[in-house]
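Data from upload-v9.csv: CSV, C-alpha atoms and all ligand atoms
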```csv
chain,number,residue,atom,x,y,z
X,1,MET,CA,96.5,104.7,91.6
X,2,ILE,CA,98.9,107.0,93.4
X,3,GLN,CA,97.7,108.8,96.6
X,4,ILE,CA,99.2,112.3,96.8
X,5,SER,CA,97.1,113.5,99.7
X,6,LYS,CA,93.8,112.7,101.3
X,7,HIS,CA,91.8,114.1,98.3
X,8,ILE,CA,94.3,114.0,95.5
X,9,GLN,CA,95.2,110.9,93.4
X,10,LEU,CA,96.9,110.2,90.2
X,11,LYS,CA,95.6,107.6,87.8
X,12,HIS,CA,97.6,106.3,84.8
X,13,ILE,CA,96.1,107.4,81.5
X,14,GLN,CA,95.5,104.4,79.1
X,15,ASN,CA,95.2,104.2,75.3
X,16,SER,CA,91.4,103.8,75.8
X,17,ASP,CA,91.1,107.1,77.7
X,18,PHE,CA,91.4,109.1,74.5
X,19,GLU,CA,87.8,110.5,74.5
X,20,SER,CA,87.7,111.5,78.2
X,21,LEU,CA,91.1,113.1,78.0
X,22,PHE,CA,90.1,115.1,74.9
X,23,LYS,CA,86.9,116.3,76.4
X,24,LEU,CA,88.6,117.3,79.6
X,25,MET,CA,91.4,119.2,77.9
X,26,LYS,CA,89.0,120.9,75.5
X,27,GLU,CA,87.3,122.4,78.5
X,28,ILE,CA,90.4,123.2,80.5
X,29,TYR,CA,92.6,124.4,77.7
X,30,SER,CA,89.9,126.5,76.1
X,31,TYR,CA,89.1,128.3,79.4
X,32,THR,CA,92.8,129.2,80.0
X,33,TYR,CA,94.3,129.6,76.6
X,34,SER,CA,91.7,130.2,73.9
X,35,HIS,CA,92.4,134.0,73.8
X,36,PHE,CA,96.0,133.1,72.7
X,37,TRP,CA,94.8,131.7,69.4
X,38,LYS,CA,93.2,133.1,66.2
X,39,ASP,CA,91.0,129.9,66.1
X,40,LYS,CA,90.4,129.9,69.9
X,41,GLY,CA,92.9,127.0,70.2
X,42,ASP,CA,90.9,124.4,68.2
X,43,TRP,CA,93.9,123.4,66.1
X,44,TYR,CA,96.2,123.0,69.1
X,45,ILE,CA,93.8,121.0,71.1
X,46,ASN,CA,92.8,118.8,68.2
X,47,SER,CA,96.5,118.0,67.4
X,48,GLN,CA,97.9,117.8,71.0
X,49,TYR,CA,95.0,115.6,72.2
X,50,SER,CA,94.3,113.6,69.1
X,51,LYS,CA,94.1,109.8,69.5
X,52,GLU,CA,97.3,109.6,67.4
X,53,ASN,CA,99.2,112.0,69.7
X,54,LEU,CA,97.9,110.3,72.9
X,55,LEU,CA,99.2,106.9,71.6
X,56,LYS,CA,102.5,108.6,70.8
X,57,ASP,CA,102.7,110.2,74.3
X,58,LEU,CA,101.8,106.9,76.0
X,59,SER,CA,104.3,105.0,74.0
X,60,GLU,CA,107.2,107.1,75.3
X,61,LYS,CA,108.8,104.7,77.8
X,62,LYS,CA,110.5,107.4,79.9
X,63,SER,CA,107.2,109.3,80.5
X,64,ASP,CA,104.4,109.1,83.0
X,65,TYR,CA,101.0,110.4,82.1
X,66,TYR,CA,98.2,110.7,84.6
X,67,PHE,CA,94.7,112.0,85.2
X,68,ILE,CA,94.5,114.1,88.4
X,69,ILE,CA,91.6,113.0,90.6
X,70,TYR,CA,90.3,115.4,93.2
X,71,LYS,CA,87.9,113.6,95.7
X,72,THR,CA,86.2,111.3,93.2
X,73,GLU,CA,86.4,113.4,90.0
X,74,ILE,CA,88.9,113.7,87.2
X,75,VAL,CA,89.9,117.3,87.2
X,76,GLY,CA,93.1,117.5,85.1
X,77,ASN,CA,96.2,115.9,83.7
X,78,PHE,CA,99.8,115.7,84.7
X,79,ARG,CA,102.7,114.4,82.5
X,80,ILE,CA,106.3,113.9,83.5
X,81,ILE,CA,109.2,113.1,81.2
X,82,TRP,CA,112.2,111.6,83.0
X,83,ASP,CA,115.7,112.2,81.5
X,84,GLU,CA,114.5,115.0,79.2
X,85,LYS,CA,117.2,117.6,78.7
X,86,LEU,CA,116.8,121.3,78.9
X,87,LYS,CA,118.7,122.8,76.0
X,88,GLY,CA,121.8,124.6,77.2
X,89,CYS,CA,121.7,123.1,80.7
X,90,THR,CA,124.6,120.9,81.6
X,91,LYS,CA,123.2,119.3,84.8
X,92,GLU,CA,122.9,115.6,84.9
X,93,ASN,CA,119.6,113.8,85.6
X,94,GLN,CA,117.0,116.2,84.5
X,95,VAL,CA,113.2,115.8,84.6
X,96,LYS,CA,110.7,117.7,82.6
X,97,LEU,CA,107.3,118.6,83.9
X,98,HIS,CA,105.5,118.4,80.6
X,99,ARG,CA,101.9,119.2,81.6
X,100,VAL,CA,99.9,120.2,84.6
X,101,TYR,CA,96.4,121.3,83.8
X,102,LEU,CA,93.6,121.6,86.3
X,103,ASN,CA,90.0,122.4,85.8
X,104,PRO,CA,89.3,126.1,86.7
X,105,LYS,CA,86.8,125.1,89.3
X,106,THR,CA,89.6,123.4,91.3
X,107,HIS,CA,92.2,126.2,91.0
X,108,ARG,CA,93.7,127.9,94.1
X,109,LYS,CA,92.9,125.0,96.4
X,110,GLY,CA,96.6,124.0,96.7
X,111,ILE,CA,96.3,121.0,94.3
X,112,GLY,CA,99.0,122.2,91.9
X,113,LYS,CA,101.4,122.9,94.8
X,114,LYS,CA,100.8,119.4,96.2
X,115,LEU,CA,101.5,117.8,92.8
X,116,ILE,CA,104.7,119.6,92.3
X,117,SER,CA,105.9,118.9,95.8
X,118,TRP,CA,105.1,115.2,95.2
X,119,LEU,CA,107.1,115.3,92.0
X,120,GLU,CA,110.1,117.0,93.6
X,121,LYS,CA,110.2,114.4,96.3
X,122,LYS,CA,109.9,111.6,93.8
X,123,ALA,CA,112.5,113.0,91.6
X,124,LEU,CA,114.9,113.5,94.4
X,125,GLU,CA,114.4,109.9,95.6
X,126,LYS,CA,115.2,108.7,92.1
X,127,GLY,CA,118.4,110.7,92.0
X,128,TYR,CA,117.4,113.6,89.7
X,129,GLN,CA,119.0,117.0,90.2
X,130,ILE,CA,116.7,119.3,88.4
X,131,ILE,CA,113.1,119.8,87.3
X,132,TRP,CA,112.3,122.0,84.4
X,133,LEU,CA,109.2,123.1,82.4
X,134,ASP,CA,107.9,125.4,79.8
X,135,VAL,CA,105.6,128.3,80.7
X,136,MET,CA,103.9,130.8,78.6
X,137,ASP,CA,104.8,134.3,79.8
X,138,ALA,CA,101.4,135.6,78.9
X,139,GLN,CA,99.7,133.2,81.3
X,140,PRO,CA,100.2,135.0,84.6
X,141,GLN,CA,98.5,132.4,86.7
X,142,ALA,CA,101.0,129.6,85.7
X,143,TYR,CA,104.0,132.1,85.7
X,144,LYS,CA,103.2,133.2,89.3
X,145,PHE,CA,102.5,129.7,90.4
X,146,TYR,CA,106.0,128.4,89.4
X,147,LYS,CA,107.7,131.5,90.7
X,148,LYS,CA,106.0,131.0,94.1
X,149,LEU,CA,107.2,127.4,94.2
X,150,GLY,CA,110.8,128.6,93.7
X,151,TYR,CA,111.2,128.0,89.9
X,152,LYS,CA,113.6,130.3,88.1
X,153,TYR,CA,114.0,131.6,84.6
X,154,PHE,CA,116.5,129.8,82.4
X,155,SER,CA,115.8,130.6,78.8
X,156,HIS,CA,113.0,131.5,76.4
X,157,GLU,CA,111.9,131.0,72.9
X,158,LEU,CA,109.2,132.5,70.6
X,159,LEU,CA,106.7,129.9,69.4
X,160,THR,CA,106.2,129.9,65.6
X,161,TYR,CA,102.7,128.5,65.3
X,162,ASN,CA,100.9,130.5,62.6
X,163,LEU,CA,97.7,130.7,64.6
X,164,LEU,CA,99.2,132.1,67.7
X,165,TYR,CA,98.8,135.9,68.3
X,166,ASN,CA,102.2,137.6,68.2
X,167,LYS,CA,102.0,139.2,71.6
X,168,VAL,CA,101.7,135.8,73.4
X,169,ARG,CA,104.5,133.9,71.6
X,170,LYS,CA,107.1,134.0,74.4
X,171,MET,CA,107.5,130.7,76.2
X,172,SER,CA,110.1,130.5,79.1
X,173,GLN,CA,111.9,127.6,80.5
X,174,PHE,CA,111.9,127.5,84.3
X,175,TYR,CA,113.9,125.2,86.5
X,176,LYS,CA,114.5,124.2,90.1
X,177,LEU,CA,117.5,122.5,91.5
X,178,LEU,CA,116.5,119.8,93.9
X,179,ASN,CA,119.5,119.3,96.1
X,180,ASN,CA,119.6,122.7,97.9
X,201,LIG,C1,98.9,126.8,87.1
X,201,LIG,C2,98.0,125.7,87.9
X,201,LIG,C3,98.5,124.3,87.7
X,201,LIG,C4,98.2,126.1,89.4
X,201,LIG,O1,97.5,125.1,90.2
X,201,LIG,P1,96.6,125.5,91.5
X,201,LIG,O2,96.2,124.3,92.2
X,201,LIG,O3,95.5,126.5,91.1
X,201,LIG,O4,97.6,126.4,92.4
X,201,LIG,P2,97.8,126.3,94.0
X,201,LIG,O5,96.5,126.5,94.6
X,201,LIG,O6,98.6,125.1,94.4
X,201,LIG,O7,98.7,127.7,94.2
X,201,LIG,C5,100.0,127.7,94.8
X,201,LIG,C6,100.5,129.1,94.8
X,201,LIG,O8,100.7,129.5,93.4
X,201,LIG,C7,100.3,130.9,93.3
X,201,LIG,N1,99.2,131.1,92.4
X,201,LIG,C8,98.4,130.1,91.9
X,201,LIG,N2,97.4,130.6,91.1
X,201,LIG,C9,97.6,131.9,91.1
X,201,LIG,C10,97.0,133.0,90.4
X,201,LIG,N3,95.9,132.8,89.6
X,201,LIG,N4,97.4,134.3,90.6
X,201,LIG,C11,98.5,134.5,91.4
X,201,LIG,N5,99.2,133.5,92.1
X,201,LIG,C12,98.8,132.2,91.9
X,201,LIG,C13,99.9,131.4,94.7
X,201,LIG,O9,101.0,131.9,95.3
X,201,LIG,C14,99.5,130.1,95.3
X,201,LIG,O10,99.5,130.1,96.7
X,201,LIG,P3,98.3,130.8,97.6
X,201,LIG,O11,97.0,130.3,97.0
X,201,LIG,O12,98.6,130.3,99.0
X,201,LIG,O13,98.5,132.3,97.5
X,201,LIG,C15,96.5,125.8,87.6
X,201,LIG,O14,96.1,127.1,87.8
X,201,LIG,C16,96.2,125.4,86.2
X,201,LIG,O15,96.0,124.3,85.9
X,201,LIG,N6,96.1,126.4,85.3
X,201,LIG,C17,95.7,126.2,83.9
X,201,LIG,C18,96.6,125.4,83.1
X,201,LIG,C19,98.0,125.9,83.1
X,201,LIG,O16,98.3,127.1,82.7
X,201,LIG,N7,98.9,125.0,83.4
X,201,LIG,C20,100.3,125.3,83.4
X,201,LIG,C21,100.9,125.0,82.1
X,201,LIG,S1,102.6,125.3,82.1
```

Output the file's structure as structure tokens, nothing else.
Amino acid sequence: MIQISKHIQLKHIQNSDFESLFKLMKEIYSYTYSHFWKDKGDWYINSQYSKENLLKDLSEKKSDYYFIIYKTEIVGNFRIIWDEKLKGCTKENQVKLHRVYLNPKTHRKGIGKKLISWLEKKALEKGYQIIWLDVMDAQPQAYKFYKKLGYKYFSHELLTYNLLYNKVRKMSQFYKLLNN
């Protein structure tokens, strides 16, 4: 267990956590992103959070995958991929923030900010120079969150999933340099 602040902890996700992770993400993802999808996001959740995919995610040696615990309750997930390169970026020592999802009932309490600030400190200590992530442009909450924390636009792509509505296909890559 990693203590981030008085009320926030990170707990490593294990292979056996498949069902609780799936249930958690079905609730969180659906609430935030179901309107992006023609099937309300069922296909995406079922594939991203399938048992098979969780085992694959957990088997990646260079990643850390956590449940976020607020007070005593699991309220989200947080995944980091160390040494993951952002296409077109020549900086050495890059970290990707792959996932940060919080239950809506815990939004706007400063939890996301504390997690990112913990990651930035950790990454800096380990000698990383840059953190980057993907963010959907049509998700203003996340977009504004990263902007507020000093992340900047680097590039974007249009996702090609058939079930995604055209107007929400744009996904941007944001980054932050850690040594200034
Ligand atoms: C995006 C997310 C991680 C932010 O976490 P959070 O704990 O709610 O954010 P914080 O309370 O730490 O907010 C920090 C700052 O970000 C900005 N911000 C956060 N949510 C915002 C919103 N809904 N609208 C505008 N600004 C927002 C604010 O400036 C805020 O500071 P303030 O509250 O002092 O004004 C969280 O909302 C979430 O999990 N959303 C759903 C999943 C998701 O989209 N994840 C990102 C995938 S890339």

**Message:** Using only C-alpha atoms and all ligand atoms, which residues have at least one atom no more than 10 Å from ligand LIG 201 (chain X)? Output them as a PyMOL selection string.
**Reply:** chain X and resi 25+28-33+75-78+97-117+133-149+171-174

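When the distance limit is 12 Å and all atoms listed in the file are what count, the residues near Leu55 (chain X), minus those fewer than 2 positions from it on the same chain, are Ile13, Gln14, Asn15, Ser16, Asp17, Phe18, Gln48, Tyr49, Ser50, Lys51, Glu52, Asn53, Asp57, Leu58, Ser59, Glu60, Lys61 and Tyr65 of chain X.
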
Go ahead and save the residues from that selection, with C-alpha atoms, as a PDB file, in the frame of the given file.
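Just written: out_25.pdb:
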```
ATOM      1  CA  ILE X  13      96.100 107.400  81.500  1.00  0.00           C
ATOM      2  CA  GLN X  14      95.500 104.400  79.100  1.00  0.00           C
ATOM      3  CA  ASN X  15      95.200 104.200  75.300  1.00  0.00           C
ATOM      4  CA  SER X  16      91.400 103.800  75.800  1.00  0.00           C
ATOM      5  CA  ASP X  17      91.100 107.100  77.700  1.00  0.00           C
ATOM      6  CA  PHE X  18      91.400 109.100  74.500  1.00  0.00           C
ATOM      7  CA  GLN X  48      97.900 117.800  71.000  1.00  0.00           C
ATOM      8  CA  TYR X  49      95.000 115.600  72.200  1.00  0.00           C
ATOM      9  CA  SER X  50      94.300 113.600  69.100  1.00  0.00           C
ATOM     10  CA  LYS X  51      94.100 109.800  69.500  1.00  0.00           C
ATOM     11  CA  GLU X  52      97.300 109.600  67.400  1.00  0.00           C
ATOM     12  CA  ASN X  53      99.200 112.000  69.700  1.00  0.00           C
ATOM     13  CA  ASP X  57     102.700 110.200  74.300  1.00  0.00           C
ATOM     14  CA  LEU X  58     101.800 106.900  76.000  1.00  0.00           C
ATOM     15  CA  SER X  59     104.300 105.000  74.000  1.00  0.00           C
ATOM     16  CA  GLU X  60     107.200 107.100  75.300  1.00  0.00           C
ATOM     17  CA  LYS X  61     108.800 104.700  77.800  1.00  0.00           C
ATOM     18  CA  TYR X  65     101.000 110.400  82.100  1.00  0.00           C
TER      19      TYR X  65
END
```

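Remark: for Cys89 (chain X), the closest of the candidate residues X:Tyr161, X:Phe154, X:Tyr70, X:Tyr44 is X:Phe154 (distances computed over all atoms listed in the file).
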
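Note that the spacing between CA of Trp43 (chain X) and CA of Leu159 (chain X) amounts to 14.7 Å.
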
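Straight-line separation from CA of Arg79 (chain X) to CA of Asn179 (chain X): 22.2 Å.
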
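If you look at CA of Glu125 (chain X) and CA of Lys6 (chain X), they are 21.6 Å away from each other.
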
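Among the candidate residues X:Phe36, X:Tyr165, X:Tyr66, X:Tyr151, the one lying nearest to Leu54 (chain X) is X:Tyr66, with distances computed using all atoms listed in the file.
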
**Request:** Tell me which of X:Ile69, X:Leu21, X:Ile130, X:Leu163 sits closest to Lys85 (chain X), counting only C-alpha atoms.
**Result:** X:Ile130

**Request:** For Leu178 (chain X), work out the shell of residues within 8 Å, counting only C-alpha atoms and skipping chain neighbours fewer than 4 positions away, then give it as a count of residues only.
**Result:** 6

**Request:** Could you check which of X:Leu164, X:Ile4, X:Ala123, X:Val95 is closest to Ile81 (chain X), using all atoms listed in the file?
**Result:** X:Val95
